[in-house]
Amino acid sequence: MTAVDATRAYLSARVESLAPLEFVVVAPSGNPLQSVQIGRSSEGELNITIPGRPRIAPELPLEVRGALRDRGFTCEDASDPRNPWLRVSDDIDAAIDLILSLLTDVFNIKVDHPLDVVHGSQKAEFEARQKLAAVRENVERILTELIEAVPETDADGDFQLPLGDVRVTVAPRALPQGPVIVRVFAVTNVNVAVTPELGLVLARLNFGLMFGRFALDTAHNAIWFDETLLGEQFSDEELRFAVRVVANTADEWDDRFKQMFGGSTYQEVVKLSEAGAEPPVKPGEGPGLYL
């Protein structure tokens with residue numbers, strides 16, 4: 001038996017034993033970016049995936065993306081390297097052959113290069129997404145009643161509420177093996193002068209607040225105000241109260257911050273931008289933290 005035959009037999013046995021929502025990741029030793037994942041969906045379907053890459057990692061080369069298309073892979077948005085490439089298979093042997101072809105012919109890995117094989121499960125993520133979908137439906141109902149219209153959503157699917165001179169964002173999130181949270185926040189100011197005095201003002205304000213907090217995004221010279229609801233069982237009034245507090249507090253302080261530390265109120269930026277440009281990072285964002 002050749003090394004390739006042994007590898008094929010080993011992978012076939014691992015894939016054969018997969019239960020729904022379980023997966024195997026195969027990657028050349030020392031190069032996890034060139035990994036291929038094969039797993040079963042909740043319905044038992046066999047999926048072959050080239051995982052998406054975080055912003056800090058180099059994106060898939062153009063020739064690799066072309067090779068994936070030629071082999072029947074699809075991507076929801078190939079311009080965003082964070083999106084995975086996916087192909088469905090109904091035959092284990094054909095799937096294993098495809099994985100080995102991807103490694104050797106597309107990623108140019110030598111046939112005898114050692115491979116790292118990791119077994120995992122997506123059950124926690126699947127259950128978190130189910131909980132998140134239920135919470136999103138409830139949040140949308142409450143916000144629709146609040147503004148008497150279906151709320152708009154941004155590119156991340158977060159709800160956008162124009163309330164007076166402030167735009168409030170309501171962002172349901174789920175942590176695998178953890179609770180669902182609902183973040184309610186508003187950008188108050190952008191392009192402010194980040195000084196020790198600004199930090200001291202925000203710290204003093206936060207000490208006196210009974211609900212919510214100000215945060216400083218030093219990477220984008222922006223000030224935020226936000227609050228978080230924890231769990232799936234919050235009441236309609238709790239969410240409405242959080243939205244009103246965030247909107248009112250942001251509206252109360254955005255002009256004052258502009259007078260003291262320069263820059264612009266976020267509402268001024270939105271009015272000047274056709275796309276309603278927003279800072280590229282939202283409070284609490286981070287790789288692998290939330291769904």
# chains A, B, ... in the order shown; residues from 1 in each chain; ligands from 1
>>> select_by_dssp(residues="stretch 137-270 of chain A", states="strand (DSSP E)", output="NGL selection string")
:A and (152-153 or 159-163 or 166-174 or 180-190 or 213-217 or 222-230 or 264-265)
>>> residues_around(residues="A:Phe185", least_positions_apart="6", cutoff="12 Å", atoms="only C-alpha atoms", output="ChimeraX atom specification")
/A:158-161,166-172,212-215,223-229,239,242-250,282-284
>>> write_last_selection(atoms="N, CA, C and O atoms", output="short mmCIF file (atom, residue, chain, number, x, y, z; two decimals), in the first residue's frame")
data_model
loop_
_atom_site.label_atom_id
_atom_site.label_comp_id
_atom_site.auth_asym_id
_atom_site.auth_seq_id
_atom_site.Cartn_x
_atom_site.Cartn_y
_atom_site.Cartn_z
N ASP A 158 -27.73 43.63 11.28
CA ASP A 158 -28.13 44.34 12.50
C ASP A 158 -29.22 45.35 12.18
O ASP A 158 -29.21 45.99 11.13
N PHE A 159 -30.15 45.51 13.11
CA PHE A 159 -31.29 46.40 12.90
C PHE A 159 -30.88 47.86 13.10
O PHE A 159 -30.16 48.19 14.06
N GLN A 160 -31.34 48.73 12.20
CA GLN A 160 -31.02 50.14 12.23
C GLN A 160 -32.27 50.96 12.52
O GLN A 160 -33.27 50.84 11.80
N LEU A 161 -32.19 51.80 13.56
CA LEU A 161 -33.35 52.60 13.97
C LEU A 161 -33.00 54.07 13.95
O LEU A 161 -32.24 54.55 14.80
N VAL A 166 -30.44 60.57 16.08
CA VAL A 166 -29.51 59.47 16.38
C VAL A 166 -29.94 58.22 15.61
O VAL A 166 -31.12 58.00 15.37
N ARG A 167 -28.95 57.43 15.20
CA ARG A 167 -29.25 56.12 14.64
C ARG A 167 -28.80 55.07 15.64
O ARG A 167 -27.62 54.97 15.97
N VAL A 168 -29.74 54.28 16.10
CA VAL A 168 -29.47 53.22 17.08
C VAL A 168 -29.37 51.89 16.34
O VAL A 168 -30.19 51.59 15.47
N THR A 169 -28.38 51.11 16.70
CA THR A 169 -28.19 49.77 16.13
C THR A 169 -28.53 48.73 17.19
O THR A 169 -28.07 48.83 18.33
N VAL A 170 -29.34 47.76 16.81
CA VAL A 170 -29.68 46.65 17.70
C VAL A 170 -29.11 45.39 17.08
O VAL A 170 -29.49 45.01 15.97
N ALA A 171 -28.17 44.76 17.78
CA ALA A 171 -27.38 43.67 17.20
C ALA A 171 -27.47 42.40 18.05
O ALA A 171 -26.75 42.26 19.04
N PRO A 172 -28.36 41.48 17.70
CA PRO A 172 -28.38 40.18 18.40
C PRO A 172 -27.13 39.38 18.08
O PRO A 172 -26.68 39.35 16.93
N GLY A 212 -26.05 51.68 30.75
CA GLY A 212 -25.27 51.95 29.56
C GLY A 212 -23.88 52.48 29.89
O GLY A 212 -23.54 52.75 31.05
N ARG A 213 -23.06 52.65 28.85
CA ARG A 213 -21.71 53.14 29.04
C ARG A 213 -21.21 53.76 27.75
O ARG A 213 -21.64 53.39 26.65
N PHE A 214 -20.32 54.72 27.88
CA PHE A 214 -19.61 55.27 26.74
C PHE A 214 -18.33 54.46 26.50
O PHE A 214 -17.72 53.96 27.45
N ALA A 215 -17.95 54.34 25.24
CA ALA A 215 -16.72 53.64 24.88
C ALA A 215 -15.99 54.45 23.83
O ALA A 215 -16.61 55.14 23.01
N ILE A 223 -16.62 57.77 19.28
CA ILE A 223 -17.22 57.55 20.59
C ILE A 223 -18.53 56.79 20.39
O ILE A 223 -19.31 57.10 19.49
N TRP A 224 -18.75 55.79 21.25
CA TRP A 224 -19.96 54.98 21.19
C TRP A 224 -20.68 55.05 22.54
O TRP A 224 -20.07 55.29 23.56
N PHE A 225 -21.98 54.80 22.49
CA PHE A 225 -22.73 54.55 23.73
C PHE A 225 -23.51 53.26 23.52
O PHE A 225 -24.18 53.09 22.49
N ASP A 226 -23.39 52.33 24.48
CA ASP A 226 -24.07 51.05 24.27
C ASP A 226 -24.50 50.41 25.57
O ASP A 226 -24.04 50.77 26.66
N GLU A 227 -25.41 49.45 25.44
CA GLU A 227 -25.90 48.63 26.54
C GLU A 227 -26.17 47.23 26.00
O GLU A 227 -26.38 47.05 24.79
N THR A 228 -26.13 46.24 26.86
CA THR A 228 -26.30 44.85 26.45
C THR A 228 -27.37 44.17 27.28
O THR A 228 -27.39 44.31 28.51
N LEU A 229 -28.27 43.46 26.60
CA LEU A 229 -29.25 42.62 27.26
C LEU A 229 -28.76 41.18 27.15
O LEU A 229 -28.36 40.72 26.07
N LEU A 239 -36.29 45.76 26.15
CA LEU A 239 -35.62 46.15 24.91
C LEU A 239 -36.01 47.57 24.52
O LEU A 239 -35.14 48.36 24.11
N ALA A 242 -34.03 49.93 26.67
CA ALA A 242 -32.62 50.02 26.27
C ALA A 242 -32.46 50.90 25.04
O ALA A 242 -31.55 51.73 24.96
N VAL A 243 -33.35 50.74 24.07
CA VAL A 243 -33.28 51.55 22.84
C VAL A 243 -33.47 53.02 23.17
O VAL A 243 -32.73 53.89 22.68
N ARG A 244 -34.45 53.31 24.02
CA ARG A 244 -34.73 54.72 24.35
C ARG A 244 -33.56 55.35 25.11
O ARG A 244 -33.18 56.50 24.85
N VAL A 245 -32.97 54.61 26.05
CA VAL A 245 -31.85 55.15 26.82
C VAL A 245 -30.66 55.42 25.91
O VAL A 245 -30.02 56.48 26.00
N VAL A 246 -30.35 54.49 25.03
CA VAL A 246 -29.22 54.68 24.12
C VAL A 246 -29.47 55.87 23.21
O VAL A 246 -28.59 56.73 23.02
N ALA A 247 -30.67 55.97 22.65
CA ALA A 247 -30.99 57.09 21.75
C ALA A 247 -30.93 58.42 22.48
O ALA A 247 -30.32 59.39 21.99
N ASN A 248 -31.53 58.48 23.66
CA ASN A 248 -31.59 59.75 24.39
C ASN A 248 -30.21 60.19 24.89
O ASN A 248 -29.86 61.37 24.83
N THR A 249 -29.42 59.23 25.39
CA THR A 249 -28.10 59.58 25.90
C THR A 249 -27.18 60.02 24.78
O THR A 249 -26.42 61.00 24.92
N ALA A 250 -27.21 59.32 23.67
CA ALA A 250 -26.38 59.69 22.52
C ALA A 250 -26.77 61.08 22.02
O ALA A 250 -25.91 61.92 21.70
N LYS A 282 -17.44 47.27 15.07
CA LYS A 282 -18.51 47.54 16.01
C LYS A 282 -18.09 47.11 17.41
O LYS A 282 -17.19 46.28 17.57
N PRO A 283 -18.74 47.63 18.44
CA PRO A 283 -18.36 47.27 19.81
C PRO A 283 -18.46 45.76 20.00
O PRO A 283 -19.43 45.12 19.60
N GLY A 284 -17.42 45.19 20.61
CA GLY A 284 -17.45 43.78 20.94
C GLY A 284 -17.09 42.85 19.81
O GLY A 284 -17.11 41.64 19.98
#
>>> select_by_dssp(residues="stretch 45-239 of chain A", states="alpha helix (DSSP H)", output="ChimeraX atom specification")
/A:62-70,92-101,123-147,196-208,236-239
>>> residues_around(residues="A:Val201", least_positions_apart="4", cutoff="10 Å", atoms="only C-alpha atoms", output="list in words")
Pro196, Glu197, Leu205, Asn206, Phe214 and Phe257 of chain A
>>> write_last_selection(atoms="C-alpha atoms", output="mmCIF file, in the first residue's frame")
data_model
loop_
_atom_site.group_PDB
_atom_site.id
_atom_site.type_symbol
_atom_site.label_atom_id
_atom_site.label_comp_id
_atom_site.auth_asym_id
_atom_site.auth_seq_id
_atom_site.Cartn_x
_atom_site.Cartn_y
_atom_site.Cartn_z
ATOM 1 C CA PRO A 196 -6.296 62.124 28.026
ATOM 2 C CA GLU A 197 -8.994 64.677 28.794
ATOM 3 C CA LEU A 205 -19.622 59.959 32.814
ATOM 4 C CA ASN A 206 -19.620 56.169 33.012
ATOM 5 C CA PHE A 214 -19.608 55.270 26.738
ATOM 6 C CA PHE A 257 -18.538 66.079 22.651
#
>>> closest_residue(among="A:Phe241, A:Glu140, A:Asp112, A:Gly44", to="A:Glu152", atoms="only C-alpha atoms")
A:Glu140
>>> atom_distance(atom1="atom CA of A:Val106", atom2="atom CA of A:Pro61")
10.4 Å
>>> atom_distance(atom1="atom CA of A:Asn31", atom2="atom CA of A:Ala3")
19.9 Å
>>> residues_around(residues="A:Tyr266", least_positions_apart="3", cutoff="7 Å", atoms="only C-alpha atoms", output="list in words")
Val187, Thr188, Asn189, Val190, Val269 and Val270 of chain A
>>> residues_around(residues="A:Val180", least_positions_apart="3", cutoff="6 Å", atoms="only C-alpha atoms", output="PDB file with all heavy atoms, in the first residue's frame")
ATOM      1  N   ARG A 173     -26.569  38.732  19.080  1.00  0.00           N
ATOM      2  CA  ARG A 173     -25.371  37.930  18.912  1.00  0.00           C
ATOM      3  C   ARG A 173     -25.532  36.643  19.729  1.00  0.00           C
ATOM      4  O   ARG A 173     -26.264  36.604  20.717  1.00  0.00           O
ATOM      5  CB  ARG A 173     -24.123  38.680  19.401  1.00  0.00           C
ATOM      6  CG  ARG A 173     -23.803  39.941  18.613  1.00  0.00           C
ATOM      7  CD  ARG A 173     -23.193  39.617  17.261  1.00  0.00           C
ATOM      8  NE  ARG A 173     -22.726  40.817  16.586  1.00  0.00           N
ATOM      9  CZ  ARG A 173     -23.440  41.519  15.721  1.00  0.00           C
ATOM     10  NH1 ARG A 173     -24.694  41.156  15.455  1.00  0.00           N
ATOM     11  NH2 ARG A 173     -22.933  42.596  15.136  1.00  0.00           N
ATOM     12  N   ALA A 174     -24.821  35.608  19.310  1.00  0.00           N
ATOM     13  CA  ALA A 174     -24.840  34.349  20.054  1.00  0.00           C
ATOM     14  C   ALA A 174     -23.422  33.853  20.200  1.00  0.00           C
ATOM     15  O   ALA A 174     -22.630  33.923  19.263  1.00  0.00           O
ATOM     16  CB  ALA A 174     -25.693  33.305  19.340  1.00  0.00           C
ATOM     17  N   GLY A 231     -29.292  37.057  27.443  1.00  0.00           N
ATOM     18  CA  GLY A 231     -30.245  35.959  27.453  1.00  0.00           C
ATOM     19  C   GLY A 231     -31.355  36.101  26.435  1.00  0.00           C
ATOM     20  O   GLY A 231     -31.451  37.082  25.696  1.00  0.00           O
TER      21      GLY A 231
END
>>> closest_residue(among="A:Asp97, A:Asp116, A:Glu237, A:Glu59", to="A:Gly30", atoms="only C-alpha atoms")
A:Asp116
>>> closest_residue(among="A:Ala94, A:Trp85, A:Phe73, A:Asp236", to="A:Ile142", atoms="only C-alpha atoms")
A:Asp236
>>> closest_residue(among="A:Trp253, A:Ser235, A:Met260, A:Ile147", to="A:Ala193", atoms="only C-alpha atoms")
A:Met260
>>> closest_residue(among="A:Val4, A:Pro84, A:Val117, A:Leu143", to="A:Pro32", atoms="only C-alpha atoms")
A:Val117
>>> residues_around(residues="A:Leu62", least_positions_apart="5", cutoff="12 Å", atoms="only C-alpha atoms", output="list of chain:residue names")
A:Ala67, A:Leu68, A:Arg69, A:Ala78, A:Ser79, A:Pro81, A:Val106
>>> atom_distance(atom1="atom CA of A:Glu148", atom2="atom CA of A:Ala186")
20.1 Å
>>> closest_residue(among="A:Ser29, A:Thr49, A:Thr74, A:Ser41", to="A:Pro114", atoms="only C-alpha atoms")
A:Ser29
